[in-house]
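Peer 1: First the structure, which I've put down as structure tokens, then a few questions once you've had a look.
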Amino acid sequence: MIRKLFYMLCIGAIVFAANAVVAADDSTGQIETQKFVLDNGLTVLISEMPASSTVSVFGLVKTGSATEGKYTGTGISHFLEHMLFKGTDKRGVGVISKEVQAMGGTINASTSFDYTIYTLTVPQTAFDQGLDIISDMLMHSKFDEVELNREREVVYGEMQLYWDNPSRYLSQLVFETVYKQHPYGIPVIGYEELLRSLKRDDFVDYYQTHYAPNNIVISIAGNVRSGDVLPKVREIFKDFARKPTILRNLTAEPTQITMRTRTEQYATDLTRVSMDYVGVSLRDADLFAMDVLAMILGQGESSRLYKEIFLNKKLVRSISASNFTPMDRGVFEIEMLLEQVHVDEAVAAVKQQIAGIAKNGVLPDELDKVKRQIYSQHIFGRLTSDEVANDAAADEAFLGDYDFSKKYVQAVKKVRVEDIQRVAKQYFRDDKLSLVVLKPKVENSGAVETSPVQKLLEIQKVVLDNGLTILLRENHAVPVVSLNLVMNGGTGQETAENNGVSQLTAQLLTAGTKTRSAQEIAQSVESRGASFGPFSGRNSFGLTFNGLAKDASFAVALLADIIKNPIFPQEELLREKLNMRTALIREDDNIRAVSARHLRESLFLTHPFRLNGLGTMATIEKLSRSDVMGFYQQYVVPGNMVLSVFGDFDSAQMLEMLNKQFAGLKNKDVKVLTYAESLPKQTREEIIRLDKKQAMVMVGFQGVDMKSPDRFVSEVLGALLGSSFSGRIFTTIREEFGQAYTLGGGYSSGRDMGMLSFFVQTTDANVNKVKDLLIHLIADIRDKPVGKDELKDMKAYLKGSFQMGLQTDSSLGFMCALDELYGHGYDYYKHYDQGIDAVTSEDIERVALEYLDLNKAALVVARPTDEILKNSKGEDPVVVPTFSPDIH
């Protein structure tokens with residue numbers, strides 16, 4: 001929701017995240033929560049969601065980086081969060097993640113200014129075991145000296161990685177500038193020199209004093225009954241003794257009386273500007289009007305700042321507004337990404353927009369739109385057990401009202417135009433403003449290059465004797481390194497009989513080698529504060545590593561070992577097959593995923609485009625270790641590989657290392673399969689019935705492949721119809737109905753075919769109207785030229801979005817590796833803007849006429865079952881636009 005409780009600057013330690021089944025609750029937010037306070041002061045919230053297939057058990061501890069007392073600045077809250085996964089009196093190191101994994105669940109944790117939260121979601125049949133794990137962590141964690149010192153090194157690495165992101169760095173500069181005395185100005189992760197001073201006794205002391213039942217909220221949500229659950233909670237926490245109350249005596253931030261400015265340089269391509277006005281706390285009555293103002297100003301492509309400063313004045317690449325409301329005084333932030341030359345003009349333009357609202361207020365239509373959006377966010381933010389558990393815990397912990405989220409929506413409904421005008425006058429003054437600018441580093445010549453493409457360092461391509469293609473790009477701005485190994489594969493190389501084998505093979509690559517177990521691989525990566533994992537998509541599969549530069553040799557050796565010596569253990573294969581089946585079950589709970597699956601199967605009768613990356617229940621069951629070995633032997637060969645290494649390293653040394661590790665790989669010919677599919681001879685329409693209150697209308701067309709000259713035309717065409725907010729589907733549906741569920745679409749590329757698809761999720765009563773509107777919109781873009789301004793704005797949107805993806809070595813390296821693998825060339829990204837700019841209105845009309853032929857389309861309509869319709873109360877839907885083109 002726009003009501004940002006404390007989620008900004010959260011530091012999370014992902015310990016294990018398997019594919020859990022989290023079913024949506026169809027009660028549109030009407031979930032009842034009960035509150036109980038045990039004799040020891042522990043607050044227990046139980047939210048019954050009978051339609052859910054899962055249960056979430058969250059433990060929120062009311063302590064974070066701002067409430068560390070004598071340990072302030074050490075980051076002890078965040079470090080302690082890590083340590084709670086390192087074993088208890090009855091669970092050794094690594095046991096917690098394995099136990100959750102065996103249940104098919106997820107476990108995670110995060111730390112922020114005012115709280116630390118532990119989150120666990122499991123199938124509802126595993127509730128007892130899940131509750132035991134969370135309670136064990138909160139009451140009986142051990143702080144083994146060896147594990148503590150090992151984890152300390154992980155956190156040191158995390159501290160370095162933490163700043164390898166210009167947006168995160170800017171955010172910390174903001175808090176340091178806005179908060180001169182309050183601990184919100186201190187990084188959640190702490191300072192390394194202070195963390196080094198902590199001893200084991202300090203962690204034990206903090207744990208014993210702050211992790212007390214009277215300082216914790218246990219929030220349970222899902223397919224449970226209070227009468228069954230509460231006795232179990234009482235029993236398991238019966239020996240958890242109450243501790244002295246930790247009082248919140250934080251230093252108050254003095255009143256700001258003059259404008260503050262701060263400018264720093266960073267190894268980045270564009271300037272980032274944050275305009276930060278002194279805001280309000282979570283408990284301030286002006287919270288509601290300030291949240292609404294944030295959305296009116298800068299959330300979405302229909303917001304004032306987006307339309308005026310991005311579209312009309314073209315001063316920025318992106319712009320947004322948000323209202324951060326923690327326990328104590330917050331910040332109203334307007335953030336921009338732009339060229340340095342436009343900074344002064346953009347800041348002045350923002351002030352002009354705010355002054356206009358202070359003088360004239362806002363339009364009633366603007367206010368009504370935001371109220372609908374907030375209602376939408378509330379509804380769609382409470383569909384799963386973890387979302388409900390999280391909301392209830394946070395609301396209860398900091399407002400004393402677990403039902404605040406519902407009351408928040410009601411309060412927003414009461415916000416008037418006069419309220420918006422009043423807060424604009426009261427809070428948005430220069431003496432309450434902090435202006436923080438993070439600009440590109442100045443070159444020796446003194447000039448600042450403003451083009452992202454110009455500043456990208458040169459990429460070196462080397463092909464080893466065995467056919468392995470290597471891309472090297474040195475970037476010494478930040479001490480990190482990113483490796484992306486990509487190979488032709490994915491569903492495009494599968495058949496209906498072995499569907500899912502690419503996904504299974506990719507996952508099992510990290511399941512162990514001849515010299516390393518899966519646990520040893522995970523431990524060695526996590527101990528370095530790195531991330532490492534497999535992927536499998538439509539056209540490719542592979543492995544990615546992101547870590548500190550000092551660990552580059554480890555990364556290369558690990559990657560080579562996994563590629564050369566995987567063992568594909570049977571036990572891990574069975575576990576991964578279970579995870580894939582679980583993910584398919586979860587997909588079946590998603591009306592969009594189900595509809596998209598039917599659409600692909602209808603549009604492509606034989607082509608692999610119809611296949612699901614996860615496979616089917618039947619194919620997963622049949623897949624064996626020999627299938628995985630066969631896929632591995634066929635596709636994991638050097639001539640089918642591209643390895644990009646981007647980051648802080650010496651190219652000569654890196655190349656020598658790669659030669660040493662990979663030269664022994666033997667090459668062989670790989671035949672990358674391509675397919676063709678005849679166009680439908682008539683519209684293929686399918687109606688499916690689902691146990692959902694929502695309905696879905698989805699239409700799809702066969703499209704061009706990724707190498708077609710019309711690829712860029714298809715991308716622009718797909719966005720004109722399906723992009724969020726400014727796409728024709730959203731605009732028309734909003735004007736016609738004023739409401740819908742989710743909607744969007746676009747162009748998806750493949751090696752030998754592509755697809756254009758569009759969808760609207762709505763009510764059953766509006767299915768025929770929505771269907772007619774979709775058909776009309778598609779016919780309209782075929783018959784009438786696209787306007788000059790509409791085309792120009794959409795091009796700017798697409799180019800801006802694309803450039804945002806070039807910011808990190810990880811994302812650029814991945815993109816370059818895939819482009820090289822697919823035959824575009826590693827520097828294909830440099831031609832994106834040119835390709836988009838070359839698209840004309842005539843091109844759009846030509847491609848629309850050729851490919852958006854409704855007589856050659858597939859149409860899927862998902863409707864509620866008769867039983868659902870019979871029991872439905874006819875709740876109104878709300879607008880949630882989406883736009884998600886494919887990758888890989």
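A note on labels: chains of the structure tokens are A, B, ... as shown, every chain counts residues from 1, and ligands are counted from 1 in their shown order.
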Pick out the residues sitting within 9 Å of Leu438 (chain A), and hand them over as JSON, numbers by chain; count only C-alpha atoms, and ignore anything fewer than 3 positions along from it in its own chain.
Peer 2: {"A": [166, 169, 170, 173, 262, 263, 264, 265, 266, 268, 270, 271, 272, 273, 274]}
Peer 1: Could you please write out, as a ChimeraX atom specification, every residue of region 397-538 of chain A that DSSP assigns to strand (DSSP E)?
Peer 2: /A:433-440,460-463,469-474,480-488,531-536
Peer 1: Which residues of region 456-504 of chain A sit at most 12 Å from region 748-770 of chain A, using only C-alpha atoms? Give each one's shortest atom pair and distance in Å (one decimal place), in chain and ascending residue order, as a tab-separated table.
Peer 2:
```
residue	atom	partner	partner_atom	distance
A:Asn488	CA	A:Arg751	CA	9.9
A:Gly489	CA	A:Arg751	CA	10.6
A:Gly490	CA	A:Gly750	CA	10.8
A:Thr491	CA	A:Gly750	CA	10.3
A:Gly492	CA	A:Arg751	CA	7.8
A:Gln493	CA	A:Arg751	CA	10.4
```
Peer 1: I need the residues from that last selection saved to file as a CSV table (one decimal), in the first residue's frame (with N, CA and C atoms), if you can.
Peer 2:
```csv
chain,number,residue,atom,x,y,z
A,488,ASN,N,21.9,-22.1,-24.7
A,488,ASN,CA,20.7,-22.4,-25.4
A,488,ASN,C,20.0,-23.6,-24.7
A,489,GLY,N,18.7,-23.4,-24.5
A,489,GLY,CA,18.0,-24.5,-23.8
A,489,GLY,C,16.6,-24.0,-23.6
A,490,GLY,N,16.1,-24.2,-22.3
A,490,GLY,CA,14.7,-23.7,-22.0
A,490,GLY,C,13.7,-24.6,-22.7
A,491,THR,N,12.4,-24.1,-22.6
A,491,THR,CA,11.3,-24.9,-23.2
A,491,THR,C,11.4,-25.0,-24.7
A,492,GLY,N,12.1,-24.0,-25.3
A,492,GLY,CA,12.3,-24.1,-26.8
A,492,GLY,C,13.0,-25.3,-27.3
A,493,GLN,N,13.7,-26.0,-26.4
A,493,GLN,CA,14.4,-27.2,-26.7
A,493,GLN,C,13.8,-28.5,-26.1
```
Peer 1: Applying 6 Å and only C-alpha atoms, which residues near Asp114 (chain A) remain after dropping the ones on its own chain fewer than 3 positions away? List them as a list in words.
Peer 2: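 Using only C-alpha atoms, the neighbours found are Thr63, Gly64 and Ala66 of chain A.
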Peer 1: Need to verify the contact set: Gly222 (chain A), 6 Å, only C-alpha atoms, exclusion of same-chain residues closer than 4 positions in sequence. Can you return it as a PyMOL selection string?
Peer 2: chain A and resi 48-49+52+54-55+385
Peer 1: DSSP on the backbone, then: every residue of region 325-466 of chain A marked alpha helix (DSSP H), written as a ChimeraX atom specification.
Peer 2: /A:343-360,364-380,385-399,404-413,417-427,452-455
Peer 1: So that I can see what lies close to region 359-370 of chain A, please list as a list in words the residues with an atom at most 7 Å from it, counting only C-alpha atoms and leaving out residues fewer than 6 positions away in the same chain.
Peer 2: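 The residues that qualify are Val292, Met295, Ile296, Val417, Glu418, Ile420 and Gln421 of chain A.
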Peer 1: Keeping only N, CA and C atoms, write the selected residues as a short mmCIF file (atom, residue, chain, number, x, y, z; two decimals), in the first residue's frame.
Peer 2:
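Resulting contents of again.cif:
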```
data_model
loop_
_atom_site.label_atom_id
_atom_site.label_comp_id
_atom_site.auth_asym_id
_atom_site.auth_seq_id
_atom_site.Cartn_x
_atom_site.Cartn_y
_atom_site.Cartn_z
N VAL A 292 -2.26 10.41 0.06
CA VAL A 292 -3.03 10.70 -1.15
C VAL A 292 -2.28 11.69 -2.03
N MET A 295 0.44 10.07 -4.09
CA MET A 295 -0.05 9.35 -5.27
C MET A 295 -0.48 10.30 -6.37
N ILE A 296 -1.10 11.39 -6.00
CA ILE A 296 -1.51 12.38 -7.00
C ILE A 296 -0.29 12.98 -7.69
N VAL A 417 -10.56 17.57 -0.92
CA VAL A 417 -9.67 18.44 -1.69
C VAL A 417 -9.03 19.47 -0.77
N GLU A 418 -9.81 19.99 0.19
CA GLU A 418 -9.30 20.99 1.11
C GLU A 418 -8.17 20.45 1.98
N ILE A 420 -5.99 18.14 1.07
CA ILE A 420 -4.80 18.07 0.23
C ILE A 420 -4.17 19.46 0.11
N GLN A 421 -5.00 20.45 -0.10
CA GLN A 421 -4.51 21.82 -0.25
C GLN A 421 -3.84 22.28 1.04
#
```
Peer 1: Please provide as a list in words all residues within 10 Å of Leu791 (chain A), with the sequence filter that same-chain residues fewer than 2 positions apart are discarded (counting only C-alpha atoms).
Peer 2: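 Here the answer would be Val716, Leu717, Ala719, Leu720, Val786, Gly787, Lys788, Asp789, Asp793, Met794, Lys795, Ala796, Tyr797, Asp837, Val839, Thr840, Ser841 and Ile844 of chain A.
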Peer 1: Restricting it to C-alpha atoms, dump the selection as a PDB file, in the first residue's frame.
Peer 2:
```
ATOM      1  CA  VAL A 716       5.991  -0.603 -29.432  1.00  0.00           C
ATOM      2  CA  LEU A 717       2.691  -1.999 -30.713  1.00  0.00           C
ATOM      3  CA  ALA A 719       3.056  -1.331 -25.322  1.00  0.00           C
ATOM      4  CA  LEU A 720       0.613   1.007 -27.087  1.00  0.00           C
ATOM      5  CA  VAL A 786      -1.359   6.061 -34.265  1.00  0.00           C
ATOM      6  CA  GLY A 787      -1.107   9.694 -33.281  1.00  0.00           C
ATOM      7  CA  LYS A 788       2.285  11.395 -33.335  1.00  0.00           C
ATOM      8  CA  ASP A 789       2.265  12.358 -29.653  1.00  0.00           C
ATOM      9  CA  ASP A 793       5.430   9.265 -25.564  1.00  0.00           C
ATOM     10  CA  MET A 794       5.409   5.484 -25.779  1.00  0.00           C
ATOM     11  CA  LYS A 795       8.871   5.435 -27.317  1.00  0.00           C
ATOM     12  CA  ALA A 796      10.155   7.613 -24.478  1.00  0.00           C
ATOM     13  CA  TYR A 797       8.572   5.262 -21.963  1.00  0.00           C
ATOM     14  CA  ASP A 837      13.115   5.510 -32.588  1.00  0.00           C
ATOM     15  CA  VAL A 839       9.367   2.789 -35.586  1.00  0.00           C
ATOM     16  CA  THR A 840       6.810   4.850 -37.481  1.00  0.00           C
ATOM     17  CA  SER A 841       3.051   5.101 -37.359  1.00  0.00           C
ATOM     18  CA  ILE A 844       2.543   0.082 -36.416  1.00  0.00           C
TER      19      ILE A 844
END
```
Peer 1: Which residues are close to Arg196 (chain A), i.e. within 12 Å by only C-alpha atoms, leaving aside same-chain residues fewer than 6 positions away? Reply as a PDB file with C-alpha atoms, in the first residue's frame.
Peer 2:
```pdb
ATOM      1  CA  TYR A  71      24.351  -0.703  20.859  1.00  0.00           C
ATOM      2  CA  GLY A  73      25.097   2.048  15.245  1.00  0.00           C
ATOM      3  CA  THR A  74      26.416  -1.489  15.589  1.00  0.00           C
ATOM      4  CA  GLY A  75      23.682  -3.072  13.487  1.00  0.00           C
ATOM      5  CA  ILE A  76      23.140  -5.635  16.243  1.00  0.00           C
ATOM      6  CA  PHE A  79      23.168  -9.277  12.879  1.00  0.00           C
ATOM      7  CA  LEU A 148      29.051 -15.954  15.103  1.00  0.00           C
ATOM      8  CA  ASN A 149      32.512 -15.125  13.750  1.00  0.00           C
ATOM      9  CA  GLU A 151      28.479 -14.778  10.113  1.00  0.00           C
ATOM     10  CA  ARG A 152      30.289 -11.599  11.068  1.00  0.00           C
ATOM     11  CA  GLU A 153      32.354 -11.949   7.884  1.00  0.00           C
ATOM     12  CA  VAL A 155      27.740  -9.199   7.272  1.00  0.00           C
ATOM     13  CA  TYR A 156      30.977  -7.351   6.527  1.00  0.00           C
ATOM     14  CA  GLY A 190      25.258  -0.466  11.090  1.00  0.00           C
ATOM     15  CA  ASP A 202      26.592  -8.465  23.741  1.00  0.00           C
TER      16      ASP A 202
END
```
Peer 1: For a quick check of understanding, using only C-alpha atoms, which of A:Val436, A:Val628, A:Val188, A:Ala857 has the smallest distance to Met259 (chain A)?
Peer 2: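 Of A:Val436, A:Val628, A:Val188, A:Ala857, the one nearest Met259 (chain A) is A:Val436, counting only C-alpha atoms.
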Peer 1: Choose the residue, out of A:Asp465, A:Asp561, A:Asp669, A:Asp589, that has the smallest atom-to-atom separation from Ile521 (chain A); count only C-alpha atoms.
Peer 2: A:Asp561
Peer 1: Between A:Leu599, A:Ile133, A:Ala221, A:Ala838, which has the minimum distance to Met696 (chain A) (counting only C-alpha atoms)?
Peer 2: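 Closest to Met696 (chain A) of all the choices is A:Leu599.
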Peer 1: Restricting the calculation to only C-alpha atoms: of A:Ala496, A:Leu852, A:Ile31, A:Leu559, which residue gets closest to Leu614 (chain A)?
Peer 2: A:Ala496
Peer 1: May I ask for the distance between CA of Ala358 (chain A) and CA of Ser320 (chain A), given in Å to one decimal place?
Peer 2: 18.8 Å
